[in-house]
Amino acid sequence: MIATTAHGIPKLGLGTFGRTGEDGVSALLDALEIGYRHIDTAQSYDTESSVGEAVRRSGLARSEVFITTKVADTNLAKADFLPSVEKSLETLGVDGVDLLLIHWPSDKDAVPFEDYMLALAHTQEKDWAKRIGVSNFPIALLEKAETLLGAGALSTNQVELHPFLQSPKLTAYAKEKSLPLTAYMPLAKGKVSKDAVLERIGEKHGVTAAAISLAFLMAEGHVVIPASSSPDRLRENMTAIGVTLDADDMAAIRALDQGGRMIDPDKAPEWDD
Ligand SMILES: NC(=O)c1ccc[n+]([C@@H]2O[C@H](COP(=O)([O-])OP(=O)(O)OC[C@H]3O[C@@H](n4cnc5c(N)ncnc54)[C@H](OP(=O)(O)O)[C@@H]3O)[C@@H](O)[C@H]2O)c1
């Protein structure tokens, strides 16, 4: 059984970036069979239709699978926002999603912050989204969001996090605000499996370095959404939920932080860490 955050987000989910078409559907069906119940997609991934199809083909009830999608930064303008969400629901084949995120804040405020954040809140009022949140938001924008929407309105901020990029300032802020972060690229694209410290701790707990990375992030209070198309690795990543790291393990993994950001496009905001 996968634990959930206070806002009801399953702490381990499945990423779908780059997993399009029939291969993507097949990986999703494997994941649902293995026990994944939280799937992360986005308007820009071209995986919304595969997610909808896999959930329908799995035979699981819609209520059993937690679906997140994200509004692309190209759809933040007033005229585009709600129609784009309506289209996402149609592509997914659902009445509403469990979590709707702003994928990236508008670069250089090309779209006013209030416009897209109020549109996001409106999707919740329309029951198109059970929860709302953001992605790639630094502390300054989270503060603005709290002023606009009130404390506790957002269920998560999805950001790049792994043992080599632990973002201590953002993590401390999120803890203080009881806002769980969702760690994207929690395996640093597979790089964690070659790390000697994670491997050693994995041997001690009878799991792999990848599972230790995920267990560490969850122990830090984050949600994790690793991606894999291999049933073996999907199972391996799931073993993280049974790992309890001790204080020595946590200290050794915290020491791996090197601010190693892998995703930093021109449109990115000014990061805190
Ligand atoms: N909000 C955003 O801006 C944003 C940005 C990036 C990503 N995301 C989300 O976060 C999800 C996860 O990120 P990601 O897919 O980029 O990276 P990731 O989950 O850190 O790594 C995935 C890579 O690691 C490999 N892998 C998976 N399990 C493994 C294991 N146990 N041992 C060794 N290698 C393993 C996978 O290959 P195999 O398939 O061969 O196993 C794949 O190449 C995405 O799919 C997406 O949903 C969000």
# chains A, B, ... in the order shown; residues from 1 in each chain; ligands from 1
call {"tool": "residues_near_ligand", "arguments": {"ligand": "ligand 1", "cutoff": "8 Å", "atoms": "only C-alpha atoms and all ligand atoms", "output": "JSON, numbers by chain"}}
result
{"A": [14, 15, 16, 17, 18, 19, 39, 40, 41, 42, 70, 103, 104, 135, 136, 158, 159, 160, 162, 183, 184, 185, 186, 187, 188, 189, 190, 191, 192, 193, 208, 209, 210, 211, 225, 226, 227, 228, 229, 230, 232, 233, 234, 236, 237, 263]}
call {"tool": "select_by_dssp", "arguments": {"residues": "region 21-184 of chain A", "states": "alpha helix (DSSP H)", "output": "ChimeraX atom specification"}}
result
/A:21-34,48-58,78-92,113-125,139-149,168-176
call {"tool": "select_by_dssp", "arguments": {"residues": "region 15-196 of chain A", "states": "strand (DSSP E)", "output": "number ranges by chain"}}
result
A: 15, 38-40, 66-71, 97-102, 129-135, 154-160, 181-184
call {"tool": "residues_around", "arguments": {"residues": "Ile2 (chain A)", "least_positions_apart": "6", "cutoff": "9 Å", "atoms": "only C-alpha atoms", "output": "VMD selection string"}}
result
chain A and resid 10 to 12 35 to 37 241
call {"tool": "write_last_selection", "arguments": {"atoms": "N, CA and C atoms", "output": "compact mmCIF listing (two decimals), in the first residue's frame"}}
result
# COMPACT_ATOMS: atom_id res chain seq x y z
N PRO A 10 -0.54 10.07 -3.70
CA PRO A 10 0.29 8.89 -3.43
C PRO A 10 1.78 9.26 -3.54
N LYS A 11 2.56 8.84 -2.53
CA LYS A 11 3.95 9.32 -2.44
C LYS A 11 4.88 8.74 -3.50
N LEU A 12 4.43 7.66 -4.15
CA LEU A 12 5.23 7.13 -5.28
C LEU A 12 4.32 7.02 -6.49
N GLY A 35 1.22 -2.35 -9.42
CA GLY A 35 0.64 -1.69 -8.25
C GLY A 35 0.77 -0.17 -8.23
N TYR A 36 1.33 0.43 -9.29
CA TYR A 36 1.38 1.89 -9.35
C TYR A 36 -0.05 2.41 -9.46
N ARG A 37 -0.33 3.48 -8.71
CA ARG A 37 -1.69 4.06 -8.73
C ARG A 37 -1.65 5.57 -8.88
N ILE A 241 9.28 1.77 -1.23
CA ILE A 241 8.28 2.09 -0.19
C ILE A 241 8.48 1.26 1.08
